[in-house]
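Source file: protein_1.cif (mmCIF, N, CA and C atoms and all ligand atoms)
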```
data_target
#
loop_
_atom_site.label_atom_id
_atom_site.label_comp_id
_atom_site.auth_asym_id
_atom_site.auth_seq_id
_atom_site.Cartn_x
_atom_site.Cartn_y
_atom_site.Cartn_z
N MET A 2 195.59 -60.77 -165.89
CA MET A 2 194.84 -62.00 -165.71
C MET A 2 194.22 -62.03 -164.32
N LYS A 3 192.98 -62.47 -164.28
CA LYS A 3 192.29 -62.53 -162.99
C LYS A 3 192.88 -63.62 -162.09
N THR A 4 192.89 -63.32 -160.80
CA THR A 4 193.30 -64.33 -159.82
C THR A 4 192.15 -65.31 -159.64
N LYS A 5 192.45 -66.59 -159.86
CA LYS A 5 191.45 -67.64 -159.67
C LYS A 5 191.45 -68.04 -158.21
N THR A 6 190.38 -67.75 -157.52
CA THR A 6 190.33 -68.05 -156.10
C THR A 6 189.23 -69.06 -155.79
N LEU A 7 189.62 -70.13 -155.13
CA LEU A 7 188.66 -71.16 -154.71
C LEU A 7 188.31 -70.94 -153.24
N ILE A 8 187.01 -70.81 -152.96
CA ILE A 8 186.55 -70.66 -151.58
C ILE A 8 185.87 -71.96 -151.17
N ILE A 9 186.39 -72.59 -150.12
CA ILE A 9 185.79 -73.82 -149.60
C ILE A 9 185.18 -73.46 -148.24
N GLU A 10 183.88 -73.36 -148.20
CA GLU A 10 183.17 -72.79 -147.04
C GLU A 10 181.74 -73.31 -147.04
N ASP A 11 181.28 -73.81 -145.90
CA ASP A 11 179.92 -74.35 -145.84
C ASP A 11 178.90 -73.35 -145.32
N ASN A 12 179.38 -72.24 -144.78
CA ASN A 12 178.45 -71.26 -144.23
C ASN A 12 178.05 -70.26 -145.33
N GLU A 13 176.75 -70.19 -145.61
CA GLU A 13 176.24 -69.36 -146.70
C GLU A 13 176.65 -67.90 -146.56
N ASN A 14 176.54 -67.37 -145.35
CA ASN A 14 176.83 -65.95 -145.15
C ASN A 14 178.30 -65.64 -145.41
N ASN A 15 179.17 -66.50 -144.91
CA ASN A 15 180.60 -66.28 -145.13
C ASN A 15 180.97 -66.49 -146.58
N MET A 16 180.34 -67.47 -147.22
CA MET A 16 180.59 -67.69 -148.65
C MET A 16 180.18 -66.45 -149.44
N TYR A 17 179.01 -65.92 -149.11
CA TYR A 17 178.51 -64.75 -149.81
C TYR A 17 179.45 -63.56 -149.61
N LEU A 18 179.82 -63.31 -148.37
CA LEU A 18 180.65 -62.14 -148.06
C LEU A 18 182.04 -62.23 -148.71
N THR A 19 182.69 -63.37 -148.55
CA THR A 19 184.05 -63.49 -149.10
C THR A 19 184.01 -63.47 -150.64
N SER A 20 182.99 -64.11 -151.23
CA SER A 20 182.87 -64.08 -152.69
C SER A 20 182.65 -62.66 -153.19
N PHE A 21 181.77 -61.97 -152.51
CA PHE A 21 181.45 -60.58 -152.87
C PHE A 21 182.71 -59.70 -152.83
N LEU A 22 183.45 -59.79 -151.75
CA LEU A 22 184.64 -58.95 -151.58
C LEU A 22 185.69 -59.28 -152.65
N LEU A 23 185.88 -60.55 -152.91
CA LEU A 23 186.92 -60.96 -153.86
C LEU A 23 186.52 -60.65 -155.30
N GLU A 24 185.26 -60.89 -155.63
CA GLU A 24 184.81 -60.57 -156.99
C GLU A 24 184.91 -59.08 -157.25
N ASN A 25 184.59 -58.29 -156.24
CA ASN A 25 184.69 -56.84 -156.39
C ASN A 25 186.12 -56.36 -156.57
N SER A 26 187.08 -57.16 -156.12
CA SER A 26 188.46 -56.74 -156.31
C SER A 26 189.10 -57.51 -157.47
N GLY A 27 188.27 -58.09 -158.31
CA GLY A 27 188.77 -58.64 -159.56
C GLY A 27 189.13 -60.12 -159.57
N HIS A 28 188.82 -60.83 -158.49
CA HIS A 28 189.10 -62.26 -158.48
C HIS A 28 188.02 -63.01 -159.25
N GLU A 29 188.43 -64.13 -159.86
CA GLU A 29 187.49 -65.06 -160.45
C GLU A 29 187.23 -66.11 -159.37
N VAL A 30 186.01 -66.12 -158.82
CA VAL A 30 185.73 -66.92 -157.64
C VAL A 30 185.06 -68.25 -157.99
N TYR A 31 185.58 -69.33 -157.41
CA TYR A 31 184.98 -70.66 -157.50
C TYR A 31 184.57 -71.07 -156.10
N GLN A 32 183.44 -71.77 -155.99
CA GLN A 32 182.91 -72.09 -154.67
C GLN A 32 182.72 -73.59 -154.48
N ALA A 33 183.09 -74.05 -153.29
CA ALA A 33 182.78 -75.43 -152.89
C ALA A 33 182.24 -75.37 -151.47
N TYR A 34 181.20 -76.18 -151.20
CA TYR A 34 180.52 -76.11 -149.91
C TYR A 34 180.87 -77.25 -148.95
N ASP A 35 181.72 -78.16 -149.38
CA ASP A 35 182.23 -79.15 -148.43
C ASP A 35 183.66 -79.52 -148.82
N GLY A 36 184.34 -80.20 -147.91
CA GLY A 36 185.76 -80.49 -148.12
C GLY A 36 186.05 -81.33 -149.34
N GLN A 37 185.26 -82.36 -149.53
CA GLN A 37 185.48 -83.25 -150.68
C GLN A 37 185.30 -82.51 -152.00
N ALA A 38 184.22 -81.74 -152.08
CA ALA A 38 183.96 -80.97 -153.30
C ALA A 38 185.09 -79.98 -153.55
N GLY A 39 185.64 -79.43 -152.47
CA GLY A 39 186.74 -78.48 -152.59
C GLY A 39 187.98 -79.11 -153.19
N VAL A 40 188.30 -80.31 -152.74
CA VAL A 40 189.47 -81.02 -153.26
C VAL A 40 189.29 -81.32 -154.75
N VAL A 41 188.10 -81.81 -155.10
CA VAL A 41 187.81 -82.15 -156.51
C VAL A 41 187.94 -80.91 -157.39
N LEU A 42 187.34 -79.81 -156.93
CA LEU A 42 187.35 -78.59 -157.73
C LEU A 42 188.77 -78.01 -157.84
N ALA A 43 189.53 -78.07 -156.75
CA ALA A 43 190.90 -77.57 -156.77
C ALA A 43 191.73 -78.31 -157.82
N LYS A 44 191.58 -79.63 -157.88
CA LYS A 44 192.34 -80.42 -158.84
C LYS A 44 191.92 -80.11 -160.27
N GLU A 45 190.66 -79.73 -160.42
CA GLU A 45 190.14 -79.44 -161.75
C GLU A 45 190.58 -78.06 -162.25
N ILE A 46 190.49 -77.06 -161.40
CA ILE A 46 190.73 -75.68 -161.88
C ILE A 46 192.13 -75.15 -161.60
N ILE A 47 192.88 -75.82 -160.71
CA ILE A 47 194.22 -75.35 -160.29
C ILE A 47 194.17 -73.84 -159.98
N PRO A 48 193.59 -73.49 -158.84
CA PRO A 48 193.43 -72.06 -158.51
C PRO A 48 194.75 -71.38 -158.15
N ASP A 49 194.73 -70.06 -158.10
CA ASP A 49 195.90 -69.28 -157.67
C ASP A 49 195.92 -69.12 -156.16
N LEU A 50 194.75 -69.30 -155.55
CA LEU A 50 194.61 -69.07 -154.11
C LEU A 50 193.43 -69.89 -153.61
N ILE A 51 193.57 -70.42 -152.39
CA ILE A 51 192.46 -71.18 -151.80
C ILE A 51 192.14 -70.62 -150.42
N LEU A 52 190.88 -70.28 -150.20
CA LEU A 52 190.41 -69.91 -148.88
C LEU A 52 189.71 -71.13 -148.31
N LEU A 53 190.12 -71.53 -147.13
CA LEU A 53 189.69 -72.82 -146.61
C LEU A 53 189.11 -72.70 -145.21
N ASP A 54 187.80 -72.89 -145.12
CA ASP A 54 187.16 -72.98 -143.82
C ASP A 54 187.66 -74.26 -143.15
N ILE A 55 187.73 -74.25 -141.83
CA ILE A 55 188.23 -75.45 -141.13
C ILE A 55 187.09 -76.40 -140.76
N GLN A 56 185.99 -75.86 -140.25
CA GLN A 56 184.84 -76.72 -139.92
C GLN A 56 184.00 -76.91 -141.16
N LEU A 57 184.14 -78.08 -141.78
CA LEU A 57 183.47 -78.36 -143.04
C LEU A 57 182.82 -79.74 -143.00
N PRO A 58 181.72 -79.93 -143.73
CA PRO A 58 181.16 -81.28 -143.83
C PRO A 58 182.05 -82.19 -144.68
N LYS A 59 181.93 -83.47 -144.43
CA LYS A 59 182.59 -84.54 -145.20
C LYS A 59 184.10 -84.67 -144.96
N MET A 60 184.80 -83.55 -144.97
CA MET A 60 186.25 -83.60 -144.76
C MET A 60 186.62 -82.26 -144.14
N ASN A 61 187.28 -82.25 -142.97
CA ASN A 61 187.57 -80.95 -142.35
C ASN A 61 188.72 -80.25 -143.08
N GLY A 62 188.89 -78.98 -142.75
CA GLY A 62 189.87 -78.17 -143.46
C GLY A 62 191.30 -78.65 -143.33
N TYR A 63 191.64 -79.21 -142.16
CA TYR A 63 193.01 -79.73 -141.99
C TYR A 63 193.26 -80.86 -142.99
N ASP A 64 192.28 -81.76 -143.10
CA ASP A 64 192.43 -82.90 -144.02
C ASP A 64 192.42 -82.43 -145.48
N VAL A 65 191.61 -81.41 -145.76
CA VAL A 65 191.60 -80.85 -147.11
C VAL A 65 192.99 -80.31 -147.46
N ALA A 66 193.57 -79.53 -146.54
CA ALA A 66 194.90 -78.95 -146.79
C ALA A 66 195.94 -80.04 -147.02
N ARG A 67 195.91 -81.08 -146.18
CA ARG A 67 196.87 -82.18 -146.35
C ARG A 67 196.70 -82.85 -147.71
N GLU A 68 195.44 -83.07 -148.08
CA GLU A 68 195.16 -83.72 -149.36
C GLU A 68 195.65 -82.87 -150.53
N LEU A 69 195.42 -81.56 -150.45
CA LEU A 69 195.85 -80.67 -151.53
C LEU A 69 197.37 -80.65 -151.63
N ARG A 70 198.05 -80.67 -150.50
CA ARG A 70 199.51 -80.61 -150.51
C ARG A 70 200.15 -81.89 -151.06
N ARG A 71 199.38 -82.97 -151.05
CA ARG A 71 199.91 -84.22 -151.62
C ARG A 71 199.94 -84.19 -153.14
N ASP A 72 199.16 -83.28 -153.73
CA ASP A 72 199.09 -83.17 -155.19
C ASP A 72 200.15 -82.19 -155.67
N ARG A 73 201.06 -82.66 -156.48
CA ARG A 73 202.20 -81.81 -156.88
C ARG A 73 201.77 -80.54 -157.60
N SER A 74 200.67 -80.62 -158.36
CA SER A 74 200.23 -79.43 -159.08
C SER A 74 199.59 -78.40 -158.15
N LEU A 75 199.29 -78.82 -156.92
CA LEU A 75 198.63 -77.91 -155.97
C LEU A 75 199.54 -77.56 -154.79
N SER A 76 200.73 -78.10 -154.78
CA SER A 76 201.56 -78.00 -153.57
C SER A 76 202.04 -76.59 -153.27
N ALA A 77 202.10 -75.73 -154.30
CA ALA A 77 202.63 -74.38 -154.07
C ALA A 77 201.54 -73.30 -153.97
N ILE A 78 200.29 -73.69 -154.10
CA ILE A 78 199.21 -72.70 -154.06
C ILE A 78 199.00 -72.19 -152.63
N PRO A 79 198.92 -70.87 -152.45
CA PRO A 79 198.66 -70.37 -151.09
C PRO A 79 197.29 -70.82 -150.59
N ILE A 80 197.28 -71.37 -149.40
CA ILE A 80 196.02 -71.77 -148.75
C ILE A 80 195.89 -70.94 -147.48
N VAL A 81 194.79 -70.20 -147.39
CA VAL A 81 194.53 -69.39 -146.20
C VAL A 81 193.36 -70.02 -145.44
N ALA A 82 193.62 -70.46 -144.23
CA ALA A 82 192.57 -71.04 -143.39
C ALA A 82 191.66 -69.92 -142.89
N ILE A 83 190.35 -70.18 -142.97
CA ILE A 83 189.36 -69.24 -142.44
C ILE A 83 188.62 -69.98 -141.35
N THR A 84 188.75 -69.53 -140.14
CA THR A 84 188.14 -70.32 -139.07
C THR A 84 187.63 -69.49 -137.92
N SER A 85 186.63 -70.02 -137.28
CA SER A 85 186.08 -69.34 -136.11
C SER A 85 186.70 -69.88 -134.82
N TYR A 86 187.50 -70.91 -134.97
CA TYR A 86 188.17 -71.44 -133.77
C TYR A 86 189.04 -70.35 -133.15
N ALA A 87 188.84 -70.12 -131.90
CA ALA A 87 189.67 -69.11 -131.24
C ALA A 87 190.68 -69.78 -130.31
N MET A 88 190.69 -71.10 -130.36
CA MET A 88 191.56 -71.85 -129.46
C MET A 88 193.03 -71.69 -129.83
N PRO A 89 193.87 -71.46 -128.79
CA PRO A 89 195.30 -71.42 -129.10
C PRO A 89 195.72 -72.78 -129.67
N GLY A 90 196.60 -72.77 -130.65
CA GLY A 90 197.04 -74.04 -131.23
C GLY A 90 196.40 -74.31 -132.57
N ASP A 91 195.25 -73.71 -132.83
CA ASP A 91 194.59 -73.99 -134.10
C ASP A 91 195.33 -73.37 -135.27
N ARG A 92 195.94 -72.22 -135.02
CA ARG A 92 196.74 -71.62 -136.07
C ARG A 92 197.89 -72.56 -136.45
N GLU A 93 198.53 -73.10 -135.42
CA GLU A 93 199.63 -74.03 -135.66
C GLU A 93 199.15 -75.27 -136.38
N LYS A 94 197.96 -75.75 -135.99
CA LYS A 94 197.41 -76.95 -136.64
C LYS A 94 197.16 -76.69 -138.12
N ALA A 95 196.64 -75.50 -138.42
CA ALA A 95 196.37 -75.15 -139.82
C ALA A 95 197.68 -75.06 -140.61
N LEU A 96 198.69 -74.47 -139.99
CA LEU A 96 199.98 -74.33 -140.66
C LEU A 96 200.64 -75.69 -140.86
N GLU A 97 200.53 -76.54 -139.83
CA GLU A 97 201.09 -77.89 -139.94
C GLU A 97 200.43 -78.69 -141.06
N ALA A 98 199.13 -78.45 -141.26
CA ALA A 98 198.40 -79.19 -142.30
C ALA A 98 198.75 -78.69 -143.70
N GLY A 99 199.47 -77.56 -143.77
CA GLY A 99 199.90 -77.08 -145.08
C GLY A 99 199.35 -75.72 -145.46
N CYS A 100 198.58 -75.10 -144.56
CA CYS A 100 198.08 -73.75 -144.85
C CYS A 100 199.21 -72.73 -144.71
N ASN A 101 199.12 -71.64 -145.48
CA ASN A 101 200.13 -70.60 -145.41
C ASN A 101 199.81 -69.56 -144.36
N GLY A 102 198.54 -69.47 -144.00
CA GLY A 102 198.14 -68.47 -143.03
C GLY A 102 196.73 -68.71 -142.56
N TYR A 103 196.23 -67.75 -141.83
CA TYR A 103 195.03 -67.97 -141.03
C TYR A 103 194.30 -66.64 -140.87
N ILE A 104 193.02 -66.63 -141.22
CA ILE A 104 192.19 -65.44 -140.97
C ILE A 104 191.03 -65.86 -140.10
N LYS A 105 190.82 -65.10 -139.03
CA LYS A 105 189.76 -65.46 -138.09
C LYS A 105 188.41 -64.89 -138.48
N LYS A 106 187.36 -65.69 -138.30
CA LYS A 106 186.01 -65.19 -138.41
C LYS A 106 185.68 -64.44 -137.13
N PRO A 107 184.80 -63.47 -137.13
CA PRO A 107 184.10 -62.98 -138.32
C PRO A 107 185.03 -62.21 -139.26
N ILE A 108 184.76 -62.34 -140.56
CA ILE A 108 185.54 -61.64 -141.57
C ILE A 108 185.33 -60.14 -141.40
N ASN A 109 186.45 -59.42 -141.36
CA ASN A 109 186.38 -57.96 -141.31
C ASN A 109 186.58 -57.43 -142.73
N PRO A 110 185.51 -56.90 -143.34
CA PRO A 110 185.61 -56.46 -144.74
C PRO A 110 186.67 -55.38 -144.96
N ASP A 111 187.01 -54.64 -143.91
CA ASP A 111 187.99 -53.55 -144.06
C ASP A 111 189.42 -54.07 -144.17
N THR A 112 189.69 -55.23 -143.62
CA THR A 112 191.08 -55.72 -143.63
C THR A 112 191.25 -57.00 -144.44
N PHE A 113 190.15 -57.63 -144.81
CA PHE A 113 190.18 -58.93 -145.47
C PHE A 113 191.04 -58.92 -146.75
N LEU A 114 190.77 -57.95 -147.64
CA LEU A 114 191.46 -57.96 -148.94
C LEU A 114 192.96 -57.71 -148.81
N VAL A 115 193.33 -56.85 -147.89
CA VAL A 115 194.75 -56.57 -147.69
C VAL A 115 195.47 -57.85 -147.24
N LYS A 116 194.83 -58.58 -146.33
CA LYS A 116 195.42 -59.84 -145.87
C LYS A 116 195.51 -60.83 -147.01
N ILE A 117 194.44 -60.93 -147.78
CA ILE A 117 194.42 -61.87 -148.90
C ILE A 117 195.54 -61.55 -149.90
N GLU A 118 195.67 -60.28 -150.25
CA GLU A 118 196.71 -59.90 -151.21
C GLU A 118 198.10 -60.23 -150.69
N SER A 119 198.27 -60.14 -149.38
CA SER A 119 199.60 -60.42 -148.83
C SER A 119 199.95 -61.90 -149.03
N TYR A 120 198.96 -62.76 -149.06
CA TYR A 120 199.24 -64.19 -149.29
C TYR A 120 199.51 -64.48 -150.76
N LEU A 121 199.10 -63.58 -151.63
CA LEU A 121 199.38 -63.76 -153.05
C LEU A 121 200.77 -63.24 -153.39
N GLY A 122 201.43 -62.69 -152.40
CA GLY A 122 202.79 -62.21 -152.61
C GLY A 122 202.86 -61.00 -153.51
N LYS A 123 201.74 -60.28 -153.60
CA LYS A 123 201.74 -59.08 -154.44
C LYS A 123 202.23 -57.88 -153.64
N ASP A 124 203.13 -57.18 -154.26
CA ASP A 124 203.56 -55.92 -153.70
C ASP A 124 202.39 -54.94 -153.88
N ALA A 125 202.16 -54.11 -152.90
CA ALA A 125 201.03 -53.17 -152.99
C ALA A 125 201.21 -52.24 -154.20
N THR A 126 202.46 -52.04 -154.62
CA THR A 126 202.70 -51.13 -155.74
C THR A 126 202.43 -51.79 -157.09
N GLU A 127 202.28 -53.11 -157.09
CA GLU A 127 202.10 -53.83 -158.35
C GLU A 127 200.79 -53.45 -159.04
N ASN A 128 199.74 -53.40 -158.27
CA ASN A 128 198.43 -53.08 -158.83
C ASN A 128 198.13 -51.59 -158.79
N ASN A 129 198.84 -50.89 -157.98
CA ASN A 129 198.52 -49.50 -157.74
C ASN A 129 199.83 -48.72 -157.56
N PRO A 130 200.46 -48.35 -158.67
CA PRO A 130 201.78 -47.72 -158.60
C PRO A 130 201.83 -46.47 -157.73
N ALA A 131 200.70 -45.82 -157.56
CA ALA A 131 200.68 -44.60 -156.75
C ALA A 131 200.63 -44.91 -155.25
N GLY A 132 200.50 -46.16 -154.92
CA GLY A 132 200.38 -46.53 -153.52
C GLY A 132 198.93 -46.46 -153.09
N ARG A 133 198.66 -46.88 -151.84
CA ARG A 133 197.26 -46.93 -151.38
C ARG A 133 196.97 -45.82 -150.43
MN MN B 201 182.22 -74.10 -141.55
#
```
Could I get this file's structure written as structure tokens?
Amino acid sequence: MKTKTLIIEDNENNMYLTSFLLENSGHEVYQAYDGQAGVVLAKEIIPDLILLDIQLPKMNGYDVARELRRDRSLSAIPIVAITSYAMPGDREKALEAGCNGYIKKPINPDTFLVKIESYLGKDATENNPAGR
């Protein structure tokens, strides 16, 4: 079964890149371009994974994460914050808001998928018994 991944991101280039990488590795990608739309879509589709930009229109990523965690059907879904903030403390803020982890922009296509899979709790041998 395909991993249903919701990407909440207002930047077209990052949306394109992350969608492209995830679709190529077999994810079923859903897209939302602002925080409110992301919350609505998450409640509708109940994704397996959420990628969450922090700087978003209408509702920032911290508030989106808090809102998602209040919903019992969404409380266990891995949320990975995607942010360009390089300030110390932002990782902690994202984790406090309910995110499971943090990936910094710019997205590095060479390491992005490995990081994403680690948040899905997949053993590398699960999809590829011969190893990577
Ligand atoms: Mn943004």
Using only N, CA and C atoms and all ligand atoms, tabulate the residues of chain A lying at most 6 Å from any atom of ligand MN 201 (chain B), each with its closest atom pair and that distance in Å to one decimal, by chain and increasing residue number, as JSON lines.
```
{"residue": "A:Glu10", "atom": "C", "partner": "B:MN201", "partner_atom": "MN", "distance": 5.6}
{"residue": "A:Asp11", "atom": "N", "partner": "B:MN201", "partner_atom": "MN", "distance": 4.5}
{"residue": "A:Asn12", "atom": "N", "partner": "B:MN201", "partner_atom": "MN", "distance": 4.7}
{"residue": "A:Asp54", "atom": "CA", "partner": "B:MN201", "partner_atom": "MN", "distance": 5.6}
{"residue": "A:Ile55", "atom": "C", "partner": "B:MN201", "partner_atom": "MN", "distance": 5.4}
{"residue": "A:Gln56", "atom": "C", "partner": "B:MN201", "partner_atom": "MN", "distance": 3.3}
{"residue": "A:Leu57", "atom": "N", "partner": "B:MN201", "partner_atom": "MN", "distance": 4.4}
```
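Distances to A:Arg70 were evaluated for A:Leu114, A:Leu18, A:Ala98, A:Leu53 using only C-alpha atoms, and the minimum falls at A:Ala98.
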Mind checking which residues fall within 7 Å of stretch 48-52 of chain A, counting only N, CA and C atoms, ignoring those fewer than 3 positions away in the same chain, and posting them as a count of residues only?
-> 17
Smallest atom-to-atom distance to A:Gly102: which of A:Arg73, A:Ile46, A:Tyr120, A:Asp35, using all atoms listed in the file?
->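 Ranking A:Arg73, A:Ile46, A:Tyr120, A:Asp35 by distance to A:Gly102, first place goes to A:Tyr120.
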Nearest residue to A:Asn15 from the set A:Lys116, A:Ile108, A:Leu96, A:Ser85 (distances using all atoms listed in the file) |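 Selected residue with least distance to A:Asn15: A:Ile108.
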Using backbone DSSP assignments, extract all strand (DSSP E or B) residues from stretch 52-82 of chain A; output them as a ChimeraX atom specification.
-> /A:52-54,80-82
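Between atom C of A:Ser74 and atom C of A:Val40 lies a distance of 11.2 Å.
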